[in-house]
file work.txt (compact mmCIF, C-alpha atoms)
# COMPACT_ATOMS: atom_id res chain seq x y z
CA MET M 12 -4.58 20.50 -6.08
CA LEU M 13 -1.39 21.19 -4.17
CA HIS M 14 1.43 18.66 -4.43
CA SER M 15 4.52 18.22 -2.29
CA PRO M 16 7.52 15.90 -2.13
CA LEU M 17 6.95 12.65 -0.24
CA GLY M 18 9.88 12.38 2.15
CA ARG M 19 13.09 11.60 0.31
CA THR M 20 11.40 9.51 -2.38
CA GLY M 21 11.39 12.15 -5.09
CA LEU M 22 7.69 11.54 -5.64
CA SER M 23 5.53 14.63 -5.82
CA VAL M 24 2.14 13.66 -4.44
CA SER M 25 -1.11 15.48 -3.87
CA LYS M 26 -1.58 16.81 -0.35
CA LEU M 27 -4.89 14.95 -0.35
CA SER M 28 -4.79 11.25 -1.19
CA LEU M 29 -7.57 8.76 -1.80
CA GLY M 30 -7.95 5.89 0.66
CA GLY M 31 -9.14 2.57 -0.68
CA ALA M 32 -10.70 1.00 2.42
CA GLN M 33 -14.19 1.95 1.26
CA PHE M 34 -13.64 0.03 -2.01
CA GLY M 35 -13.01 -3.06 0.13
CA GLN M 36 -16.57 -2.67 1.39
CA GLN M 37 -15.16 -1.87 4.85
CA TYR M 38 -17.94 0.59 5.65
CA GLY M 39 -20.77 -0.81 3.56
CA PRO M 40 -21.36 -1.66 -0.09
CA VAL M 41 -19.79 0.52 -2.77
CA PRO M 42 -20.75 -0.45 -6.32
CA THR M 43 -17.86 -0.57 -8.80
CA ALA M 44 -19.49 2.13 -10.94
CA GLN M 45 -19.59 4.47 -7.95
CA ALA M 46 -15.97 3.65 -7.06
CA SER M 47 -14.97 4.33 -10.67
CA ALA M 48 -16.70 7.70 -10.72
CA LEU M 49 -15.05 8.68 -7.42
CA VAL M 50 -11.54 7.58 -8.47
CA HIS M 51 -11.77 9.30 -11.85
CA ALA M 52 -13.15 12.52 -10.31
CA ALA M 53 -10.36 12.52 -7.71
CA ILE M 54 -7.71 12.08 -10.41
CA ASP M 55 -9.33 14.80 -12.55
CA ALA M 56 -9.17 17.08 -9.46
CA GLY M 57 -5.41 16.45 -9.13
CA VAL M 58 -5.25 13.61 -6.61
CA ASN M 59 -2.36 11.37 -7.64
CA LEU M 60 -1.86 9.08 -4.61
CA ILE M 61 -4.17 6.16 -3.85
CA ASP M 62 -3.71 4.04 -0.73
CA THR M 63 -5.03 0.50 -0.52
CA SER M 64 -4.24 -2.85 1.09
CA ALA M 65 -4.66 -6.57 0.62
CA PHE M 66 -6.50 -6.40 3.95
CA TYR M 67 -9.28 -4.12 2.70
CA GLY M 68 -12.05 -6.55 1.89
CA ARG M 69 -9.52 -9.38 1.60
CA GLY M 70 -8.34 -7.94 -1.71
CA THR M 71 -11.64 -6.48 -2.91
CA SER M 72 -10.30 -2.91 -2.75
CA GLU M 73 -7.33 -3.81 -4.94
CA THR M 74 -9.53 -5.71 -7.39
CA ILE M 75 -11.88 -2.75 -7.81
CA LEU M 76 -8.97 -0.30 -8.12
CA GLY M 77 -7.33 -2.50 -10.74
CA GLU M 78 -10.53 -2.42 -12.74
CA VAL M 79 -11.23 1.32 -12.45
CA LEU M 80 -7.60 2.30 -13.16
CA ALA M 81 -7.61 0.41 -16.49
CA GLY M 82 -7.66 2.34 -19.72
CA GLY M 83 -4.83 4.77 -18.95
CA TRP M 84 -5.87 5.88 -15.46
CA ARG M 85 -3.14 3.78 -13.76
CA GLU M 86 -0.41 5.92 -15.31
CA LYS M 87 -1.86 9.02 -13.61
CA VAL M 88 -1.46 7.81 -10.01
CA ALA M 89 1.01 6.50 -7.49
CA ILE M 90 -0.35 3.42 -5.74
CA CYS M 91 0.53 2.61 -2.15
CA THR M 92 -0.48 -0.85 -1.02
CA LYS M 93 0.21 -2.79 2.12
CA ALA M 94 1.08 -6.44 2.76
CA GLY M 95 1.28 -8.75 5.75
CA ARG M 96 -2.13 -8.03 7.24
CA LEU M 97 -4.65 -10.35 5.66
CA ASP M 98 -7.73 -10.03 7.90
CA ARG M 99 -8.76 -8.55 11.26
CA ALA M 100 -6.65 -11.04 13.21
CA GLU M 101 -4.62 -12.71 10.44
CA PHE M 102 -1.06 -11.57 9.80
CA ASP M 103 1.87 -13.06 7.89
CA PHE M 104 5.06 -10.99 7.92
CA THR M 105 7.26 -13.93 6.91
CA PRO M 106 9.23 -13.48 3.68
CA ALA M 107 7.12 -16.13 1.91
CA GLY M 108 3.88 -14.64 3.24
CA MET M 109 4.86 -11.11 2.24
CA ARG M 110 5.87 -12.26 -1.23
CA ARG M 111 2.56 -14.18 -1.72
CA CYS M 112 0.63 -11.13 -0.54
CA VAL M 113 2.46 -8.75 -2.89
CA GLU M 114 2.09 -11.07 -5.89
CA GLY M 115 -1.65 -11.26 -5.20
CA SER M 116 -1.87 -7.49 -4.85
CA LEU M 117 -0.09 -6.87 -8.15
CA LYS M 118 -2.41 -9.30 -9.92
CA ARG M 119 -5.53 -7.72 -8.41
CA LEU M 120 -4.25 -4.20 -9.18
CA ARG M 121 -3.45 -5.26 -12.77
CA THR M 122 0.06 -3.86 -12.59
CA ASP M 123 3.61 -5.14 -12.40
CA ARG M 124 4.71 -2.69 -9.70
CA VAL M 125 3.46 -0.23 -7.09
CA GLU M 126 5.08 3.01 -6.15
CA ILE M 127 4.92 2.32 -2.40
CA LEU M 128 4.79 -1.02 -0.59
CA LEU M 129 4.36 -1.17 3.18
CA ALA M 130 4.39 -3.94 5.77
CA HIS M 131 0.90 -3.32 7.22
CA ASP M 132 0.27 -2.78 10.95
CA ILE M 133 3.51 -4.27 12.24
CA GLU M 134 2.43 -3.68 15.84
CA PHE M 135 0.47 -6.96 15.54
CA ALA M 136 3.55 -9.03 14.69
CA ASP M 137 4.51 -11.83 17.07
CA ASP M 138 8.21 -11.01 16.81
CA PHE M 139 9.37 -7.45 16.11
CA GLU M 140 12.97 -8.58 15.67
CA ARG M 141 11.91 -10.74 12.73
CA VAL M 142 9.95 -7.82 11.25
CA PHE M 143 13.06 -5.62 11.50
CA THR M 144 15.20 -8.31 9.84
CA ASP M 145 13.28 -10.86 7.74
CA THR M 146 10.33 -8.66 6.74
CA ALA M 147 12.59 -5.68 6.03
CA ASP M 148 14.87 -7.91 3.94
CA VAL M 149 12.03 -9.18 1.76
CA LEU M 150 10.77 -5.61 1.28
CA HIS M 151 14.24 -4.63 0.05
CA ARG M 152 14.33 -7.65 -2.29
CA LEU M 153 10.90 -6.78 -3.71
CA LYS M 154 12.15 -3.24 -4.31
CA ALA M 155 15.30 -4.54 -6.04
CA GLU M 156 13.09 -6.75 -8.24
CA GLY M 157 11.11 -3.67 -9.33
CA LYS M 158 7.85 -4.71 -7.70
CA ALA M 159 7.87 -1.49 -5.63
CA ARG M 160 9.69 1.77 -6.14
CA PHE M 161 9.69 2.58 -2.42
CA ILE M 162 9.20 0.52 0.72
CA GLY M 163 8.15 1.11 4.28
CA MET M 164 6.13 0.00 7.25
CA SER M 165 2.96 1.13 8.95
CA CYS M 166 1.85 1.01 12.56
CA TYR M 167 0.23 3.18 15.19
CA PRO M 168 2.72 3.05 18.10
CA LEU M 169 5.27 5.76 17.35
CA GLY M 170 8.02 4.12 19.41
CA LEU M 171 7.81 0.98 17.31
CA LEU M 172 7.72 3.02 14.13
CA ARG M 173 10.82 4.89 15.25
CA GLN M 174 12.65 1.58 15.71
CA ALA M 175 11.60 0.55 12.20
CA ILE M 176 12.95 3.83 10.82
CA GLU M 177 16.25 3.48 12.67
CA ARG M 178 16.81 -0.18 11.82
CA CYS M 179 15.28 -0.93 8.43
CA ASN M 180 16.45 1.70 5.91
CA LEU M 181 12.88 2.50 4.87
CA ASP M 182 11.78 5.04 2.30
CA VAL M 183 8.42 5.91 3.91
CA VAL M 184 6.34 5.16 7.01
CA ILE M 185 2.69 5.65 7.90
CA SER M 186 1.21 5.96 11.37

call {"tool": "encode", "arguments": {"input": "work.txt", "output": "structure tokens"}}
result
Amino acid sequence: MLHSPLGRTGLSVSKLSLGGAQFGQQYGPVPTAQASALVHAAIDAGVNLIDTSAFYGRGTSETILGEVLAGGWREKVAICTKAGRLDRAEFDFTPAGMRRCVEGSLKRLRTDRVEILLAHDIEFADDFERVFTDTADVLHRLKAEGKARFIGMSCYPLGLLRQAIERCNLDVVIS
């Protein structure tokens, strides 16, 4: 499996990552045993980046990943999780909401930190100015506390993502 640097983070990640939406039962039922076999086979093949979110199955993806990464598997991967999007139409980008979301994610993932933490789908925020100030500030505090090595934001509109890059001193972004 080929690996390459992820932006300016210093992380060397596999060119192919594993997405965790399916473990949140987003596309139909996935038994934990099947998820475990898939995650372990991906890691054995050289995949070392797993992406998940509190949104995927309202935490189910993170719970399953926490379980299947136990027993030494967690140390073999970089985890990227996302906070702030809680359901299809439920978002909380406030500092308190982000902090609650991250604490829940860490508990479900059975870890004390993630490599990458993103504010999830910021295009749905009611107030972009608050995302670029309050949400960015709490991301930086969570990083300083060691809950995430790197921080960023995700969204589809590239213009909005560009503003986030220019204003928020982020380590990574996803569109």

call {"tool": "atom_distance", "arguments": {"input": "work.txt", "atom1": "atom CA of M:Leu97", "atom2": "atom CA of M:Val142"}}
result
15.8 Å

call {"tool": "closest_residue", "arguments": {"input": "work.txt", "among": "M:Leu129, M:Asp145, M:Phe66, M:Thr122", "to": "M:Gly83", "atoms": "only C-alpha atoms"}}
result
M:Thr122

call {"tool": "closest_residue", "arguments": {"input": "work.txt", "among": "M:Thr63, M:Lys87, M:Phe135, M:Glu78", "to": "M:Phe102", "atoms": "all atoms listed in the file"}}
result
M:Phe135

call {"tool": "closest_atom_pairs", "arguments": {"input": "work.txt", "of": "stretch 64-152 of chain M", "to": "stretch 167-171 of chain M", "cutoff": "9 Å", "atoms": "all atoms listed in the file", "output": "Markdown table"}}
result
| residue | atom | partner | partner_atom | distance |
| --- | --- | --- | --- | --- |
| M:Asp132 | CA | M:Tyr167 | CA | 7.3 |
| M:Ile133 | CA | M:Leu171 | CA | 8.5 |
| M:Glu134 | CA | M:Pro168 | CA | 7.1 |
| M:Phe139 | CA | M:Leu171 | CA | 8.7 |

call {"tool": "atom_distance", "arguments": {"input": "work.txt", "atom1": "atom CA of M:Leu29", "atom2": "atom CA of M:Ile61"}}
result
4.7 Å

call {"tool": "atom_distance", "arguments": {"input": "work.txt", "atom1": "atom CA of M:Gln33", "atom2": "atom CA of M:Ser72"}}
result
7.4 Å

call {"tool": "closest_residue", "arguments": {"input": "work.txt", "among": "M:Cys166, M:Ile75, M:Leu181, M:Leu60", "to": "M:Gln36", "atoms": "all atoms listed in the file"}}
result
M:Ile75

call {"tool": "build_atoms", "arguments": {"input": "work.txt", "residues": "stretch 156-171 of chain M", "atoms": "N, CA and C atoms", "output": "compact mmCIF listing (two decimals), in the coordinates of the input"}}
result
# COMPACT_ATOMS: atom_id res chain seq x y z
N GLU M 156 13.72 -6.04 -7.12
CA GLU M 156 13.09 -6.75 -8.24
C GLU M 156 12.18 -5.84 -9.06
N GLY M 157 11.96 -4.61 -8.60
CA GLY M 157 11.11 -3.67 -9.33
C GLY M 157 9.63 -3.80 -9.05
N LYS M 158 9.27 -4.56 -8.03
CA LYS M 158 7.85 -4.71 -7.70
C LYS M 158 7.31 -3.51 -6.93
N ALA M 159 8.23 -2.73 -6.33
CA ALA M 159 7.87 -1.49 -5.63
C ALA M 159 9.00 -0.50 -5.82
N ARG M 160 8.65 0.75 -6.04
CA ARG M 160 9.69 1.77 -6.14
C ARG M 160 10.22 2.15 -4.76
N PHE M 161 9.32 2.17 -3.77
CA PHE M 161 9.69 2.58 -2.42
C PHE M 161 9.04 1.64 -1.43
N ILE M 162 9.69 1.46 -0.28
CA ILE M 162 9.20 0.52 0.72
C ILE M 162 9.10 1.18 2.08
N GLY M 163 8.29 0.58 2.93
CA GLY M 163 8.15 1.11 4.28
C GLY M 163 7.33 0.19 5.16
N MET M 164 6.95 0.72 6.29
CA MET M 164 6.13 0.00 7.25
C MET M 164 5.08 0.94 7.82
N SER M 165 4.00 0.34 8.30
CA SER M 165 2.96 1.13 8.95
C SER M 165 2.66 0.54 10.31
N CYS M 166 2.34 1.42 11.25
CA CYS M 166 1.85 1.01 12.56
C CYS M 166 1.42 2.26 13.32
N TYR M 167 0.68 2.06 14.38
CA TYR M 167 0.23 3.18 15.19
C TYR M 167 1.21 3.57 16.29
N PRO M 168 1.81 2.64 17.02
CA PRO M 168 2.72 3.05 18.10
C PRO M 168 3.98 3.74 17.56
N LEU M 169 4.16 4.99 17.91
CA LEU M 169 5.27 5.76 17.35
C LEU M 169 6.64 5.24 17.78
N GLY M 170 6.75 4.68 18.97
CA GLY M 170 8.02 4.12 19.41
C GLY M 170 8.46 2.95 18.54
N LEU M 171 7.51 2.12 18.18
CA LEU M 171 7.81 0.98 17.31
C LEU M 171 8.16 1.46 15.91
